[in-house]
>>> print(open('start02.csv').read())   # CSV, C-alpha atoms
chain,number,residue,atom,x,y,z
A,1,MET,CA,106.0,83.9,69.3
A,2,LEU,CA,104.1,87.2,69.7
A,3,VAL,CA,100.4,87.2,70.2
A,4,ASN,CA,98.5,90.4,70.0
A,5,LYS,CA,95.8,91.5,72.5
A,6,LYS,CA,92.9,91.1,70.0
A,7,THR,CA,93.9,87.4,69.5
A,8,ILE,CA,94.0,86.8,73.3
A,9,THR,CA,90.6,88.5,73.8
A,10,LEU,CA,89.0,86.6,71.0
A,11,GLY,CA,90.4,83.3,72.4
A,12,LEU,CA,88.9,84.1,75.8
A,13,ILE,CA,85.5,84.9,74.3
A,14,ILE,CA,85.5,81.7,72.2
A,15,GLY,CA,86.6,79.7,75.2
A,16,GLY,CA,83.8,81.2,77.3
A,17,ILE,CA,81.2,80.5,74.7
A,18,VAL,CA,82.3,76.9,74.3
A,19,PHE,CA,82.2,76.4,78.1
A,20,LEU,CA,78.7,77.9,78.4
A,21,PHE,CA,77.5,75.9,75.5
A,22,PHE,CA,78.5,72.6,77.2
A,23,LEU,CA,77.2,73.9,80.6
A,24,PHE,CA,73.7,74.7,79.5
A,25,ASN,CA,73.2,72.8,76.2
A,26,GLY,CA,75.7,69.9,76.5
A,27,LEU,CA,75.5,66.3,77.4
A,28,ASN,CA,72.4,64.7,78.7
A,29,ASP,CA,74.0,63.5,81.9
A,30,PRO,CA,76.2,66.2,83.4
A,31,LYS,CA,77.0,64.1,86.5
A,32,LYS,CA,78.7,61.4,84.4
A,33,TYR,CA,81.2,63.3,82.4
A,34,SER,CA,83.5,66.3,82.6
A,35,PHE,CA,85.8,68.1,80.2
A,36,SER,CA,89.5,68.9,80.6
A,37,TYR,CA,91.9,70.8,78.4
A,38,ASP,CA,95.0,69.0,77.0
A,39,ASN,CA,97.9,71.4,76.4
A,40,ASN,CA,99.7,69.0,74.2
A,41,SER,CA,96.8,68.4,71.7
A,42,ASN,CA,95.2,71.8,72.2
A,43,ALA,CA,91.8,70.3,72.6
A,44,PHE,CA,89.1,69.5,75.1
A,45,SER,CA,88.8,65.8,76.2
A,46,LYS,CA,86.0,64.0,77.9
A,47,GLU,CA,86.8,62.0,81.0
A,48,GLU,CA,85.1,60.4,84.0
A,49,SER,CA,84.1,63.0,86.7
A,50,PRO,CA,86.6,63.0,89.6
A,51,LYS,CA,84.0,63.3,92.3
A,52,SER,CA,81.4,60.6,93.1
A,53,GLU,CA,77.9,61.6,94.2
A,54,ASP,CA,78.6,60.5,97.7
A,55,SER,CA,81.7,62.7,98.1
A,56,PRO,CA,81.0,66.2,99.6
A,57,ILE,CA,82.1,69.2,97.5
A,58,ASN,CA,83.4,71.9,99.9
A,59,ILE,CA,83.7,75.5,98.6
A,60,LEU,CA,85.1,78.3,100.7
A,61,LEU,CA,83.4,81.6,99.8
A,62,LEU,CA,85.0,84.9,100.9
A,63,GLY,CA,83.7,88.4,100.5
A,64,ILE,CA,86.0,91.4,100.7
A,65,ALA,CA,85.3,95.2,100.3
A,66,GLY,CA,87.8,95.4,97.5
A,67,GLU,CA,90.4,97.9,96.3
A,68,GLY,CA,89.7,101.6,97.2
A,69,SER,CA,87.9,100.6,100.4
A,70,ARG,CA,89.2,100.7,104.0
A,71,GLY,CA,90.3,97.2,104.9
A,72,ALA,CA,90.2,96.2,101.2
A,73,PHE,CA,91.3,92.6,101.7
A,74,LEU,CA,89.6,91.8,105.0
A,75,THR,CA,87.3,88.8,104.5
A,76,ASP,CA,84.3,90.1,106.5
A,77,THR,CA,82.1,87.5,104.8
A,78,ILE,CA,83.2,83.9,105.4
A,79,PHE,CA,81.0,81.0,104.2
A,80,VAL,CA,81.6,77.3,103.5
A,81,ALA,CA,79.2,75.6,101.1
A,82,SER,CA,79.3,71.9,101.6
A,83,ILE,CA,77.4,70.1,98.8
A,84,ILE,CA,76.5,66.4,98.9
A,85,PRO,CA,75.1,65.4,95.5
A,86,SER,CA,73.7,62.0,96.6
A,87,LYS,CA,71.6,63.6,99.3
A,88,LYS,CA,70.7,66.6,97.2
A,89,GLN,CA,71.8,68.8,100.1
A,90,ILE,CA,73.7,72.0,100.6
A,91,SER,CA,75.0,73.1,104.0
A,92,MET,CA,75.9,76.8,104.2
A,93,ILE,CA,78.2,77.3,107.2
A,94,SER,CA,78.9,80.9,108.2
A,95,LEU,CA,81.9,81.9,110.4
A,96,PRO,CA,82.2,85.2,112.3
A,97,ARG,CA,84.9,87.6,111.1
A,98,ASP,CA,85.9,88.4,114.8
A,99,LEU,CA,87.0,84.8,115.6
A,100,TRP,CA,90.5,85.0,117.2
A,101,VAL,CA,92.9,82.5,115.7
A,102,LYS,CA,96.5,81.6,115.7
A,103,VAL,CA,98.3,82.3,112.4
A,104,PRO,CA,99.1,79.0,110.8
A,105,ASN,CA,102.8,78.1,111.2
A,106,GLY,CA,103.2,81.2,113.5
A,107,SER,CA,102.7,82.1,117.1
A,108,THR,CA,100.7,85.3,116.9
A,109,GLY,CA,96.9,85.7,117.2
A,110,VAL,CA,94.8,87.6,114.8
A,111,LYS,CA,91.1,88.0,113.8
A,112,ILE,CA,90.3,85.4,111.1
A,113,ASN,CA,89.2,88.0,108.7
A,114,SER,CA,92.8,89.4,108.4
A,115,LEU,CA,94.5,86.2,107.3
A,116,TYR,CA,93.9,86.8,103.6
A,117,GLU,CA,95.1,90.4,103.9
A,118,LEU,CA,98.2,89.2,105.8
A,119,GLU,CA,99.2,86.9,103.0
A,120,ASN,CA,98.6,89.5,100.2
A,121,GLN,CA,100.1,92.7,101.7
A,122,GLY,CA,101.1,95.2,99.0
A,123,LYS,CA,99.4,93.4,96.1
A,124,ARG,CA,96.7,94.5,93.7
A,125,PHE,CA,93.6,92.4,93.8
A,126,ALA,CA,94.4,90.8,90.4
A,127,LYS,CA,97.6,89.4,91.9
A,128,ALA,CA,96.2,88.6,95.4
A,129,ASP,CA,95.9,84.9,94.7
A,130,SER,CA,97.5,83.6,97.9
A,131,TYR,CA,95.0,82.1,100.3
A,132,GLU,CA,96.7,79.2,102.0
A,133,LEU,CA,96.6,80.7,105.5
A,134,ILE,CA,92.8,81.2,105.7
A,135,GLU,CA,92.1,78.0,103.8
A,136,GLU,CA,94.2,76.0,106.3
A,137,LYS,CA,92.5,77.7,109.3
A,138,ILE,CA,89.0,77.1,107.9
A,139,GLU,CA,89.8,73.4,107.5
A,140,ASP,CA,90.9,73.3,111.1
A,141,ILE,CA,87.8,75.1,112.4
A,142,THR,CA,85.2,73.1,110.3
A,143,GLY,CA,87.0,69.8,110.0
A,144,LEU,CA,86.2,69.9,106.3
A,145,PRO,CA,88.8,69.8,103.5
A,146,MET,CA,88.3,72.7,101.1
A,147,ASP,CA,88.1,71.7,97.5
A,148,TYR,CA,87.7,75.1,96.0
A,149,ILE,CA,87.8,78.8,97.0
A,150,VAL,CA,86.0,81.8,95.6
A,151,ILE,CA,87.0,85.4,96.7
A,152,LEU,CA,84.6,88.1,95.5
A,153,ASP,CA,84.7,91.8,96.1
A,154,LEU,CA,81.6,93.9,96.8
A,155,LYS,CA,81.6,95.6,93.4
A,156,GLY,CA,81.6,92.3,91.7
A,157,PHE,CA,78.7,91.0,93.8
A,158,GLU,CA,76.8,94.2,93.0
A,159,LYS,CA,77.3,93.7,89.3
A,160,LEU,CA,76.3,90.1,89.6
A,161,ILE,CA,73.0,91.0,91.2
A,162,ASP,CA,72.3,93.7,88.6
A,163,ALA,CA,73.1,91.3,85.8
A,164,LEU,CA,70.4,89.0,87.2
A,165,GLY,CA,67.9,91.8,87.3
A,166,GLY,CA,67.9,92.0,91.1
A,167,ILE,CA,66.5,89.7,93.7
A,168,ASP,CA,63.4,89.5,95.9
A,169,ILE,CA,63.5,89.0,99.6
A,170,TRP,CA,60.9,89.0,102.5
A,171,LEU,CA,61.5,91.3,105.5
A,172,GLU,CA,59.8,90.5,108.8
A,173,LYS,CA,60.3,94.0,110.0
A,174,ASP,CA,61.7,97.4,108.9
A,175,ILE,CA,65.4,97.9,108.6
A,176,ILE,CA,66.8,101.3,109.5
A,177,ASP,CA,70.5,102.1,109.7
A,178,PRO,CA,71.5,105.7,110.4
A,179,SER,CA,75.2,104.8,109.8
A,180,LEU,CA,74.4,104.0,106.1
A,181,VAL,CA,72.9,106.1,103.4
A,182,ASN,CA,70.3,105.3,100.8
A,183,PRO,CA,72.4,104.4,97.7
A,184,HIS,CA,69.8,106.0,95.4
A,185,ASN,CA,69.5,109.2,97.5
A,186,PRO,CA,72.6,110.0,99.6
A,187,SER,CA,70.6,112.6,101.6
A,188,GLU,CA,68.5,109.8,103.2
A,189,ILE,CA,69.6,107.1,105.7
A,190,PHE,CA,69.3,103.5,104.7
A,191,HIS,CA,65.7,102.2,105.2
A,192,LEU,CA,63.8,99.2,104.0
A,193,SER,CA,60.2,98.6,104.9
A,194,ALA,CA,58.8,95.2,106.0
A,195,GLY,CA,57.3,93.0,103.4
A,196,TRP,CA,58.5,91.8,100.0
A,197,ARG,CA,61.3,94.0,98.6
A,198,HIS,CA,63.0,93.9,95.2
A,199,LEU,CA,66.7,94.8,95.6
A,200,ASP,CA,69.1,95.9,93.0
A,201,GLY,CA,72.9,95.5,93.4
A,202,ALA,CA,73.4,98.7,95.3
A,203,LEU,CA,70.6,97.9,97.8
A,204,VAL,CA,71.9,94.4,98.3
A,205,ILE,CA,75.3,95.7,99.3
A,206,LYS,CA,73.8,98.0,101.9
A,207,PHE,CA,71.6,95.2,103.2
A,208,ILE,CA,74.4,92.8,103.7
A,209,ARG,CA,76.6,95.4,105.4
A,210,THR,CA,74.2,96.8,107.9
A,211,ARG,CA,74.7,95.6,111.5
A,212,TYR,CA,72.6,98.3,113.3
A,213,ALA,CA,71.0,95.9,115.7
A,214,PRO,CA,71.8,94.1,119.0
A,215,GLY,CA,73.0,91.1,117.1
A,216,GLY,CA,75.8,93.2,115.4
A,217,ASP,CA,77.8,91.0,113.1
A,218,PHE,CA,75.5,88.0,113.6
A,219,TYR,CA,72.6,90.2,112.4
A,220,ARG,CA,74.6,90.9,109.3
A,221,ILE,CA,75.3,87.2,108.8
A,222,GLU,CA,71.6,86.5,108.8
A,223,HIS,CA,71.2,89.0,106.0
A,224,GLN,CA,74.0,87.4,104.1
A,225,GLN,CA,72.3,84.0,104.4
A,226,GLN,CA,69.0,85.5,103.2
A,227,ILE,CA,70.7,87.0,100.1
A,228,ILE,CA,72.4,83.7,99.3
A,229,ALA,CA,69.1,81.9,99.5
A,230,ALA,CA,67.4,84.5,97.2
A,231,LEU,CA,70.4,84.4,94.8
A,232,LYS,CA,70.2,80.6,94.5
A,233,ASP,CA,66.5,80.7,93.8
A,234,LYS,CA,66.9,83.4,91.1
A,235,LEU,CA,69.7,81.5,89.4
A,236,THR,CA,67.7,78.2,89.4
A,237,LYS,CA,64.7,79.9,87.8
A,238,LEU,CA,66.8,81.7,85.1
A,239,ALA,CA,68.8,78.6,84.2
A,240,ASP,CA,65.8,77.1,82.3
A,241,ILE,CA,64.8,80.3,80.4
A,242,TRP,CA,68.0,82.3,79.7
A,243,ASN,CA,69.9,81.9,76.4
A,244,LEU,CA,73.7,81.6,75.9
A,245,ILE,CA,74.2,85.4,75.6
A,246,SER,CA,72.4,86.0,78.9
A,247,TRP,CA,74.8,83.6,80.7
A,248,LEU,CA,77.8,85.1,79.0
A,249,LYS,CA,76.7,88.5,80.4
A,250,ILE,CA,76.7,87.0,83.9
A,251,TRP,CA,80.2,85.5,83.3
A,252,GLN,CA,81.6,88.8,82.1
A,253,SER,CA,80.1,90.8,85.0
A,254,LEU,CA,82.5,89.1,87.4
A,255,SER,CA,85.6,89.9,85.4
A,256,GLY,CA,88.3,91.6,87.5
A,257,HIS,CA,86.3,91.1,90.7
A,258,VAL,CA,86.8,87.5,91.6
A,259,ILE,CA,89.8,85.2,92.4
A,260,THR,CA,89.1,81.4,92.3
A,261,ASN,CA,90.6,78.0,91.6
A,262,LEU,CA,87.3,76.9,90.0
A,263,ASP,CA,87.9,76.2,86.3
A,264,PHE,CA,85.5,75.7,83.4
A,265,ASN,CA,85.5,72.0,83.9
A,266,THR,CA,84.6,72.1,87.6
A,267,ILE,CA,81.8,74.7,87.2
A,268,TRP,CA,80.3,72.7,84.4
A,269,HIS,CA,80.2,69.7,86.8
A,270,ILE,CA,78.9,71.5,89.9
A,271,PHE,CA,76.2,73.8,88.6
A,272,PRO,CA,73.7,71.2,87.4
A,273,VAL,CA,74.0,69.5,90.8
A,274,VAL,CA,73.3,72.7,92.7
A,275,LYS,CA,70.4,73.6,90.3
A,276,ASP,CA,68.6,70.3,91.1
A,277,ILE,CA,68.7,70.9,94.9
A,278,SER,CA,65.5,72.5,96.3
A,279,SER,CA,65.6,75.4,98.7
A,280,SER,CA,64.2,73.1,101.4
A,281,GLN,CA,67.4,71.1,101.1
A,282,VAL,CA,69.7,74.0,101.9
A,283,GLN,CA,70.5,74.3,105.6
A,284,TYR,CA,72.1,77.4,107.1
A,285,LEU,CA,74.5,76.9,110.0
A,286,SER,CA,76.1,79.6,112.1
A,287,ILE,CA,79.1,79.3,114.4
A,288,THR,CA,77.7,81.7,117.0
A,289,ASN,CA,77.3,82.5,120.6
A,290,ARG,CA,73.7,83.5,120.4
A,291,PRO,CA,70.5,81.3,121.0
A,292,PRO,CA,68.6,79.6,119.6
A,293,ASP,CA,71.7,78.2,117.8
A,294,GLU,CA,74.2,76.0,119.7
A,295,LEU,CA,76.6,78.2,121.6
A,296,LEU,CA,79.9,77.1,120.1
A,297,ILE,CA,81.9,80.3,120.7
A,298,THR,CA,82.1,83.0,123.4
A,299,SER,CA,83.0,86.7,123.3
A,300,THR,CA,85.7,88.4,125.3
A,301,MET,CA,88.0,91.4,125.2
A,302,TYR,CA,91.7,91.2,124.2
A,303,ASP,CA,94.5,93.6,125.0
A,304,ASN,CA,97.9,93.7,123.3
A,305,TRP,CA,100.7,96.3,123.0
A,306,ALA,CA,99.2,97.9,119.9
A,307,ASP,CA,95.4,97.8,120.5
A,308,LYS,CA,93.3,98.0,123.6
A,309,ASN,CA,90.0,96.3,124.4
A,310,ILE,CA,89.6,94.4,121.1
A,311,TYR,CA,86.3,92.6,120.8
A,312,ILE,CA,87.1,89.0,119.8
A,313,LEU,CA,85.4,85.6,119.7
A,314,ILE,CA,87.0,82.3,120.8
A,315,PRO,CA,85.7,78.7,120.8
A,316,ALA,CA,83.6,77.9,123.9
A,317,LYS,CA,86.1,75.1,124.8
A,318,GLY,CA,89.1,77.4,124.6
A,319,PHE,CA,91.4,79.2,122.2
A,320,GLU,CA,92.2,77.0,119.1
A,321,ASN,CA,90.0,74.2,120.4
A,322,TYR,CA,87.8,73.3,117.5
A,323,GLU,CA,86.7,69.8,118.5
A,324,GLU,CA,83.1,70.8,119.5
A,325,ILE,CA,82.7,72.9,116.3
A,326,ASN,CA,84.0,70.0,114.2
A,327,ASN,CA,81.5,67.6,115.8
A,328,TYR,CA,78.6,70.1,115.4
A,329,ILE,CA,79.3,70.6,111.7
A,330,ASN,CA,79.8,66.9,111.1
A,331,GLU,CA,76.5,65.9,112.8
A,332,LYS,CA,74.5,68.6,110.9
A,333,ILE,CA,75.9,67.7,107.5
A,334,TYR,CA,75.9,63.9,107.8
A,335,GLU,CA,73.0,63.2,110.2
>>> encode(input="start02.csv", output="structure tokens")
Amino acid sequence: MLVNKKTITLGLIIGGIVFLFFLFNGLNDPKKYSFSYDNNSNAFSKEESPKSEDSPINILLLGIAGEGSRGAFLTDTIFVASIIPSKKQISMISLPRDLWVKVPNGSTGVKINSLYELENQGKRFAKADSYELIEEKIEDITGLPMDYIVILDLKGFEKLIDALGGIDIWLEKDIIDPSLVNPHNPSEIFHLSAGWRHLDGALVIKFIRTRYAPGGDFYRIEHQQQIIAALKDKLTKLADIWNLISWLKIWQSLSGHVITNLDFNTIWHIFPVVKDISSSQVQYLSITNRPPDELLITSTMYDNWADKNIYILIPAKGFENYEEINNYINEKIYE
């Protein structure tokens, strides 16, 4: 049976509206029920939610530069969000892109940020839906089973911020990066003055990419954590005042820029839980080699036949020894 493009597009729009209606205007107790789609009856059915409030929900968040960029599929942003509904707690765990790891089921070593690229060589982003290598490695490192994965490119993140009307952040000191340009005036270098700053999508992208500081990549991770905190606060505020069309605009802004195994049913179940968690109950953990955090990894240089003097990070207890990192994460999440 042939189905024309207009019919498919209309179906997707209607499906999105139905989902958003249930998400923001649906049942009184979003934690009790969820919806699934029955292919045989072509209808949504109500069923008991598969996750209890005591079960952690672990989501792997990966950020890539995206098509048209150098290193388009390198996951230079790596976060794990561990949500425990019963404790009303979210733990955001950041991992450095330079961590040197063994390729799962292989013998070679690579930087962790290249695993997704390795598995999707030669693909367009729309078809780059293989992520088993990095998912397995993240589970080894953190000791947490990943329930869901979200891969978002920079353009999609920029569009998301703009669709929200920008975000506000507090800067303790000026930020100046001569290696980046002002996105609104290419003749100027990137500069943000200390104090409260309202950032649109273009400025957010520059902010999370700058690493012109002694901390290097860890400096950038701090900025990424700050943006995630501001984004969570903005979404929480808007959830109570925006109408259906506003949320549909957010949904559409990510089209073509995200790969995920999160479906309508799962998002409907998770969002109300996250919305009810206060900012004070969100903890940010870094797997780092810098004080005042626990020194779980160490830096070194690596030489191989192709590259010389590669800067890498390995666990403090030795290559591929993640026991100490596992224990640290477990204690912080469940203490």
>>> residues_around(input="start02.csv", residues="Val274 (chain A)", least_positions_apart="4", cutoff="12 Å", atoms="all atoms listed in the file", output="PyMOL selection string")
chain A and resi 30-31+57+81-91+232-233+235-236+239+267-270+278-279+281-282
>>> residues_near_point(input="start02.csv", point="(78.4, 83.2, 108.2)", cutoff="9 Å", atoms="only C-alpha atoms", output="compact mmCIF listing (two decimals) with C-alpha atoms, keeping the file's coordinate frame")
# COMPACT_ATOMS: atom_id res chain seq x y z
CA THR A 77 82.10 87.50 104.80
CA ILE A 78 83.20 83.90 105.40
CA PHE A 79 81.00 81.00 104.20
CA VAL A 80 81.60 77.30 103.50
CA MET A 92 75.90 76.80 104.20
CA ILE A 93 78.20 77.30 107.20
CA SER A 94 78.90 80.90 108.20
CA LEU A 95 81.90 81.90 110.40
CA PRO A 96 82.20 85.20 112.30
CA ARG A 97 84.90 87.60 111.10
CA PHE A 218 75.50 88.00 113.60
CA ARG A 220 74.60 90.90 109.30
CA ILE A 221 75.30 87.20 108.80
CA GLU A 222 71.60 86.50 108.80
CA GLN A 224 74.00 87.40 104.10
CA GLN A 225 72.30 84.00 104.40
CA TYR A 284 72.10 77.40 107.10
CA LEU A 285 74.50 76.90 110.00
CA SER A 286 76.10 79.60 112.10
CA ILE A 287 79.10 79.30 114.40
CA THR A 288 77.70 81.70 117.00
>>> closest_residue(input="start02.csv", among="A:Lys275, A:Leu238, A:Pro178, A:Asp168", to="Gln226 (chain A)", atoms="only C-alpha atoms")
A:Asp168
>>> atom_distance(input="start02.csv", atom1="CA of Val258 (chain A)", atom2="CA of Pro272 (chain A)")
21.3 Å
>>> closest_residue(input="start02.csv", among="A:Ile228, A:Ile329, A:Leu118, A:Ile176", to="Asp140 (chain A)", atoms="only C-alpha atoms")
A:Ile329
>>> closest_atom_pairs(input="start02.csv", of="region 211-259 of chain A", to="region 124-128 of chain A", cutoff="10 Å", atoms="all atoms listed in the file", output="tab-separated table")
residue	atom	partner	partner_atom	distance
A:Gly256	CA	A:Ala126	CA	6.8
A:His257	CA	A:Phe125	CA	8.0
A:Val258	CA	A:Ala126	CA	8.4
A:Ile259	CA	A:Ala126	CA	7.5
>>> residues_near_point(input="start02.csv", point="(75.4, 76.2, 118.5)", cutoff="10 Å", atoms="only C-alpha atoms", output="VMD selection string")
chain A and resid 285 to 297 316 324 to 325 328 to 329
>>> closest_residue(input="start02.csv", among="A:Tyr212, A:Tyr219, A:Trp251, A:Phe207", to="Asp177 (chain A)", atoms="all atoms listed in the file")
A:Tyr212
>>> residues_around(input="start02.csv", residues="Leu99 (chain A)", least_positions_apart="2", cutoff="6 Å", atoms="only C-alpha atoms", output="number ranges by chain")
A: 96-97, 111-112, 312-314
>>> residues_around(input="start02.csv", residues="Ile134 (chain A)", least_positions_apart="2", cutoff="10 Å", atoms="all atoms listed in the file", output="PyMOL selection string")
chain A and resi 60+62+75+78+103-104+112-119+130-132+136-140
>>> atom_distance(input="start02.csv", atom1="CA of Phe73 (chain A)", atom2="CA of Ser255 (chain A)")
17.5 Å
